[in-house]
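Enquirer: If you scroll down you'll find the structure; I have some questions about it.
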Amino acid sequence: MRVFLTGASGYIGTAVLDAFARAGHEVTGLVRNSEKAAEVEARGGVPLVGDLQHPGSYRQSAEEHDVIVHAGFDGSHPVETDRRTIETLIAAARAGGPSRPSVLIYTSGIWVLGATHRAVAEDAPANPAEIVSFRPAHEQMVLSAAGDGLRAVVVRPGIVYGGSRGIVGDFFRHASDGVVRIIGPGENRWPTVYDRDLADLYLLLAERDDASGVFHATDGSEDRVNEIVAAIVSHVSPTPDVRRLSLDEARAKLGPYANALALDQVVRSPRALALGWSPILKSIVGNAARLFEEWRADSTARAEEATSGPPKPDRPAATRTRRKTRPAGK
């Protein structure tokens with residue numbers, strides 16, 4: 001397959017690029033600058049320097065691929081840019097001709113469900129946290145594009161873990177710096193997913209002609225924030241301090257992001273599992289030692305790259321050496 005990927009140097013996008021490249025597919029990765037382009041090339045992708053805010057920089061390329069994966073995010077104008085990007089990618093998929101894309105995969109997230117307090121699946125109604133209040137409408141834009149040979153897929157990842165980036169990566173970093181902060185009592189549950197398991201789901205959804213609609217991507221765990229933090233700090237020496245912020249304090253510092261982090265959610269992924277998706281890791285708590293070593297290795301590799309440049313194409317990036325590819329659906 002020929003895959004067009006936005007956000008190719010981002011946290012999710014990097015894992016998705018690795019998964020498709022390992023499976024032997026050709027990936028064109030949209031990035032903002034030459035430095036990020038070198039990272040994509042080192043991972044086996046074909047970089048395209050462009051900008052989500054300027055559709056003309058990438059639309060033609062998107063038209064020439066079999067699969068479009070939108071994993072990019074523009075933090076400066078998130079709602080407007082995401083909507084424009086979706087419109088552009090849908091237009092690219094409908095451009096016509098035998099080589100037009102056959103599937104459009106959009107990256108949303110489990111925060112669109114709001115607080116659940118009990119286990120919910122893909123058929124649960126949206127009740128988005130304020131910070132992602134725009135997502136349900138954007139999901140519907142994608143889903144409404146289905147038809148006339150185009151499959152439309154929405155992926156809602158849980159909180160992603162693995163490597164040195166993301167919310168959980170920040171927990172490891174803060175623990176190593178000596179202080180971890182928890183918002184509120186910490187008894188809220190986080191639906192989570194390992195980055196490479198998530199990427200394998202994207203690959204499966206692209207390869208399965210019968211996959212369409214909304215798919216959750218969670219590992220099935222019900223780890224509470226207190227349990228996650230306790231598991232992390234137990235592997236750090238000297239033992240870091242754990243400090244608590246009231247929700248009001250966190251809101252003052254982080255705005256609506258604090259409310260999202262304080263959500264209590266239990267989210268299942270029955271539609272993904274029915275396709276044959278089988279996550280390797282089932283929780284953060286049960287794999288904290290492994291994840292700490294991954295965090296440390298990836299942090300070191302990224303620090304080295306920051307001073308010496310990205311790895312050469314003949315030297316695989318750290319995240320490409322951790323696990324062998326498994327067949328799609330296994």
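By convention in this document, the chains of the structure tokens carry letters A, B, ... by their order, each chain's residues are numbered from 1, and ligands are numbered from 1 in the order they are shown.
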Tell me, which residues of range 84-315 of chain A carry DSSP helix (DSSP H, G or I), written as an mmCIF file with C-alpha atoms, in the first residue's frame?
Expert:
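Output contents, as saved in part.cif:
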data_model
loop_
_atom_site.group_PDB
_atom_site.id
_atom_site.type_symbol
_atom_site.label_atom_id
_atom_site.label_comp_id
_atom_site.auth_asym_id
_atom_site.auth_seq_id
_atom_site.Cartn_x
_atom_site.Cartn_y
_atom_site.Cartn_z
ATOM 1 C CA ARG A 84 -9.654 22.351 7.090
ATOM 2 C CA THR A 85 -7.343 19.338 6.988
ATOM 3 C CA ILE A 86 -10.272 16.916 7.091
ATOM 4 C CA GLU A 87 -11.998 18.812 4.286
ATOM 5 C CA THR A 88 -8.800 18.721 2.233
ATOM 6 C CA LEU A 89 -8.210 15.012 2.797
ATOM 7 C CA ILE A 90 -11.811 14.148 1.956
ATOM 8 C CA ALA A 91 -11.505 16.187 -1.244
ATOM 9 C CA ALA A 92 -8.270 14.358 -2.058
ATOM 10 C CA ALA A 93 -9.950 11.006 -1.503
ATOM 11 C CA ILE A 110 -11.347 8.725 24.228
ATOM 12 C CA TRP A 111 -11.822 12.147 25.844
ATOM 13 C CA VAL A 112 -14.770 12.631 23.444
ATOM 14 C CA LEU A 113 -16.673 10.235 25.715
ATOM 15 C CA GLU A 130 -14.179 20.857 26.898
ATOM 16 C CA ILE A 131 -10.698 20.593 25.417
ATOM 17 C CA VAL A 132 -11.959 18.231 22.680
ATOM 18 C CA ARG A 135 -13.955 16.327 17.980
ATOM 19 C CA PRO A 136 -17.415 14.719 17.620
ATOM 20 C CA ALA A 137 -18.312 17.036 14.734
ATOM 21 C CA HIS A 138 -14.990 16.307 13.055
ATOM 22 C CA GLU A 139 -15.484 12.578 13.538
ATOM 23 C CA GLN A 140 -18.848 12.890 11.830
ATOM 24 C CA MET A 141 -17.307 14.790 8.913
ATOM 25 C CA VAL A 142 -15.017 11.825 8.308
ATOM 26 C CA LEU A 143 -17.685 9.170 8.745
ATOM 27 C CA SER A 144 -20.057 11.014 6.417
ATOM 28 C CA GLY A 166 3.194 11.710 25.913
ATOM 29 C CA ILE A 167 1.417 12.027 29.250
ATOM 30 C CA VAL A 168 2.888 8.859 30.711
ATOM 31 C CA GLY A 169 6.344 9.706 29.409
ATOM 32 C CA ASP A 170 6.039 12.976 31.314
ATOM 33 C CA PHE A 171 5.282 10.990 34.483
ATOM 34 C CA PHE A 172 8.551 9.080 34.051
ATOM 35 C CA ARG A 173 10.440 12.308 33.391
ATOM 36 C CA HIS A 174 8.962 14.065 36.395
ATOM 37 C CA ALA A 175 9.667 11.059 38.601
ATOM 38 C CA SER A 176 13.292 11.091 37.475
ATOM 39 C CA ASP A 177 13.421 14.814 38.259
ATOM 40 C CA ASP A 195 2.075 3.014 21.332
ATOM 41 C CA ARG A 196 3.079 0.045 19.189
ATOM 42 C CA ASP A 197 -0.169 -1.787 19.886
ATOM 43 C CA LEU A 198 -2.028 1.323 18.761
ATOM 44 C CA ALA A 199 0.044 1.522 15.587
ATOM 45 C CA ASP A 200 -0.698 -2.122 14.820
ATOM 46 C CA LEU A 201 -4.403 -1.288 14.941
ATOM 47 C CA TYR A 202 -3.943 1.444 12.331
ATOM 48 C CA LEU A 203 -2.167 -1.085 10.121
ATOM 49 C CA LEU A 204 -4.941 -3.623 10.600
ATOM 50 C CA LEU A 205 -7.646 -1.060 9.828
ATOM 51 C CA ALA A 206 -5.876 -0.055 6.624
ATOM 52 C CA GLU A 207 -5.440 -3.640 5.471
ATOM 53 C CA VAL A 225 -3.877 7.324 38.393
ATOM 54 C CA ASN A 226 -2.651 6.585 41.930
ATOM 55 C CA GLU A 227 -1.740 3.038 40.858
ATOM 56 C CA ILE A 228 0.055 4.239 37.738
ATOM 57 C CA VAL A 229 2.110 6.765 39.679
ATOM 58 C CA ALA A 230 2.922 4.258 42.446
ATOM 59 C CA ALA A 231 4.149 1.731 39.871
ATOM 60 C CA ILE A 232 6.325 4.345 38.174
ATOM 61 C CA VAL A 233 7.927 5.832 41.281
ATOM 62 C CA LEU A 247 -8.578 20.398 40.567
ATOM 63 C CA ASP A 248 -8.966 24.145 41.013
ATOM 64 C CA GLU A 249 -5.180 24.563 41.269
ATOM 65 C CA ALA A 250 -4.672 22.404 38.203
ATOM 66 C CA ARG A 251 -7.260 24.362 36.235
ATOM 67 C CA ALA A 252 -5.485 27.589 37.097
ATOM 68 C CA LYS A 253 -2.245 26.164 35.673
ATOM 69 C CA LEU A 254 -3.497 23.995 32.812
ATOM 70 C CA PRO A 256 -9.385 22.681 30.335
ATOM 71 C CA TYR A 257 -6.538 20.160 30.008
ATOM 72 C CA ALA A 258 -6.746 19.611 33.773
ATOM 73 C CA ASN A 259 -10.394 18.566 33.521
ATOM 74 C CA ALA A 260 -9.519 15.996 30.869
ATOM 75 C CA LEU A 261 -6.735 14.514 32.984
ATOM 76 C CA PRO A 270 -14.814 -4.622 21.201
ATOM 77 C CA ARG A 271 -14.889 -3.629 17.522
ATOM 78 C CA ALA A 272 -11.090 -3.589 17.291
ATOM 79 C CA LEU A 273 -10.799 -6.906 19.131
ATOM 80 C CA ALA A 274 -13.400 -8.451 16.811
ATOM 81 C CA VAL A 285 1.026 -0.869 36.165
ATOM 82 C CA GLY A 286 1.927 -4.407 35.143
ATOM 83 C CA ASN A 287 4.722 -3.277 32.846
ATOM 84 C CA ALA A 288 6.214 -0.297 34.670
ATOM 85 C CA ALA A 289 9.751 -1.768 34.828
ATOM 86 C CA ARG A 290 9.821 -2.431 31.081
ATOM 87 C CA LEU A 291 8.314 0.952 30.306
ATOM 88 C CA PHE A 292 10.853 2.730 32.499
ATOM 89 C CA GLU A 293 13.703 1.113 30.565
ATOM 90 C CA GLU A 294 12.043 2.082 27.279
ATOM 91 C CA TRP A 295 11.594 5.637 28.533
ATOM 92 C CA ARG A 296 15.250 5.862 29.563
ATOM 93 C CA ALA A 297 16.536 4.412 26.279
ATOM 94 C CA ASP A 298 14.324 6.631 24.164
ATOM 95 C CA SER A 299 15.158 9.727 26.209
ATOM 96 C CA THR A 300 18.863 9.050 25.753
ATOM 97 C CA ALA A 301 18.471 8.449 22.028
ATOM 98 C CA ARG A 302 16.515 11.664 21.559
ATOM 99 C CA ALA A 303 19.053 13.656 23.537
ATOM 100 C CA GLU A 304 21.823 12.294 21.328
ATOM 101 C CA GLU A 305 19.856 13.095 18.188
ATOM 102 C CA ALA A 306 19.296 16.639 19.415
ATOM 103 C CA THR A 307 23.056 17.208 19.470
ATOM 104 C CA SER A 308 24.193 15.094 16.522
#
Enquirer: As a PyMOL selection string, please: the residues near Ala21 in chain A (cut-off 9 Å, only C-alpha atoms, same-chain neighbours under 4 positions excluded).
Expert: chain A and resi 16-17+25-27+43-45
Enquirer: Which residues are near Val40 in chain A? Cut-off 8 Å, only C-alpha atoms, ignore same chain within fewer than 5 positions. Put them as a list in words.
Expert: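 With the cut-off at 8 Å, the set is Ala8, Ser9, Gly29, Gly45, Val46 and Pro47 of chain A.
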Enquirer: How about saving the chosen residues, N, CA and C atoms kept, as a CSV table (one decimal), in the first residue's frame?
Expert:
chain,number,residue,atom,x,y,z
A,8,ALA,N,3.7,12.8,10.9
A,8,ALA,CA,4.5,11.7,10.8
A,8,ALA,C,5.7,11.7,11.8
A,9,SER,N,6.0,12.9,12.4
A,9,SER,CA,7.0,12.9,13.4
A,9,SER,C,6.5,13.1,14.8
A,29,GLY,N,5.3,10.8,4.7
A,29,GLY,CA,5.0,11.4,5.9
A,29,GLY,C,5.1,12.9,5.8
A,45,GLY,N,10.5,6.1,5.8
A,45,GLY,CA,9.4,6.8,5.1
A,45,GLY,C,10.0,7.8,4.1
A,46,VAL,N,9.0,8.3,3.3
A,46,VAL,CA,9.4,9.4,2.3
A,46,VAL,C,8.8,10.7,2.8
A,47,PRO,N,9.7,11.6,3.2
A,47,PRO,CA,9.2,12.9,3.8
A,47,PRO,C,8.6,13.8,2.8
Enquirer: Separation of CA of Leu263 in chain A and CA of Leu245 in chain A, in Å?
Expert: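 Distance reported for this atom pair: 14.7 Å.
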Enquirer: Nearest residue to Ile280 in chain A out of A:Pro185, A:Val193, A:Arg268, A:Glu222, using only C-alpha atoms?
Expert: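 Selected residue with least distance to Ile280 in chain A: A:Val193.
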Enquirer: When you draw a straight line from CA of Ser221 in chain A to CA of Gly109 in chain A, how long is it in Å?
Expert: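 Going from CA of Ser221 in chain A over to CA of Gly109 in chain A, I get 16.3 Å.
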Enquirer: Enumerate the residues of range 128-262 of chain A with a DSSP assignment of strand (DSSP E or B), computed from the backbone, and present them as a VMD selection string.
Expert: chain A and resid 147 150 to 157 159 to 161 179 to 183 189 192 to 194 213 to 217 224 241 to 245
Enquirer: For the residues in that selection, give me C-alpha atoms as an mmCIF file, in the first residue's frame.
Expert:
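Below is the file that was written, again.cif:
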data_model
loop_
_atom_site.group_PDB
_atom_site.id
_atom_site.type_symbol
_atom_site.label_atom_id
_atom_site.label_comp_id
_atom_site.auth_asym_id
_atom_site.auth_seq_id
_atom_site.Cartn_x
_atom_site.Cartn_y
_atom_site.Cartn_z
ATOM 1 C CA GLY A 147 -19.149 5.705 0.111
ATOM 2 C CA LEU A 150 -14.022 5.135 0.205
ATOM 3 C CA ARG A 151 -13.905 3.595 3.676
ATOM 4 C CA ALA A 152 -13.988 6.040 6.574
ATOM 5 C CA VAL A 153 -12.493 5.106 9.939
ATOM 6 C CA VAL A 154 -12.246 6.978 13.245
ATOM 7 C CA VAL A 155 -9.742 5.748 15.833
ATOM 8 C CA ARG A 156 -10.137 6.806 19.460
ATOM 9 C CA PRO A 157 -6.894 5.964 21.254
ATOM 10 C CA ILE A 159 -3.919 7.662 26.787
ATOM 11 C CA VAL A 160 -0.848 6.449 24.918
ATOM 12 C CA TYR A 161 2.215 5.073 26.696
ATOM 13 C CA VAL A 179 8.542 15.264 41.859
ATOM 14 C CA VAL A 180 5.360 13.780 40.396
ATOM 15 C CA ARG A 181 2.101 15.705 40.602
ATOM 16 C CA ILE A 182 -1.357 14.160 40.662
ATOM 17 C CA ILE A 183 -4.511 16.128 39.938
ATOM 18 C CA ARG A 189 -9.199 5.553 35.951
ATOM 19 C CA THR A 192 -4.557 3.453 28.088
ATOM 20 C CA VAL A 193 -2.830 1.856 25.092
ATOM 21 C CA TYR A 194 0.773 0.958 24.262
ATOM 22 C CA GLY A 213 -16.690 3.343 11.458
ATOM 23 C CA VAL A 214 -15.475 4.071 14.981
ATOM 24 C CA PHE A 215 -12.852 1.952 16.738
ATOM 25 C CA HIS A 216 -11.612 2.393 20.279
ATOM 26 C CA ALA A 217 -7.977 1.556 21.001
ATOM 27 C CA ARG A 224 -6.216 4.346 38.573
ATOM 28 C CA ASP A 241 7.950 12.997 45.992
ATOM 29 C CA VAL A 242 4.307 12.605 45.002
ATOM 30 C CA ARG A 243 2.403 15.856 45.352
ATOM 31 C CA ARG A 244 -1.263 16.518 44.810
ATOM 32 C CA LEU A 245 -2.910 19.486 43.178
#
Enquirer: So that I can see what lies close to range 61-71 of chain A, please list as a list in words the residues with an atom at most 8 Å from it, counting only C-alpha atoms and leaving out residues fewer than 2 positions away in the same chain.
Expert: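 My list of contacting residues is Met1, Arg2, Val3, Phe4, Leu5, Thr6, Gly7, Ala8, Gly10, Ile12, Gly13, Tyr58, Arg59, Phe73, Leu89, Ala92, Ala93, Ala95, Ser99, Arg100, Pro101, Ser102, Val103, Leu104, Ile105, Tyr106, Thr107 and Ala206 of chain A.
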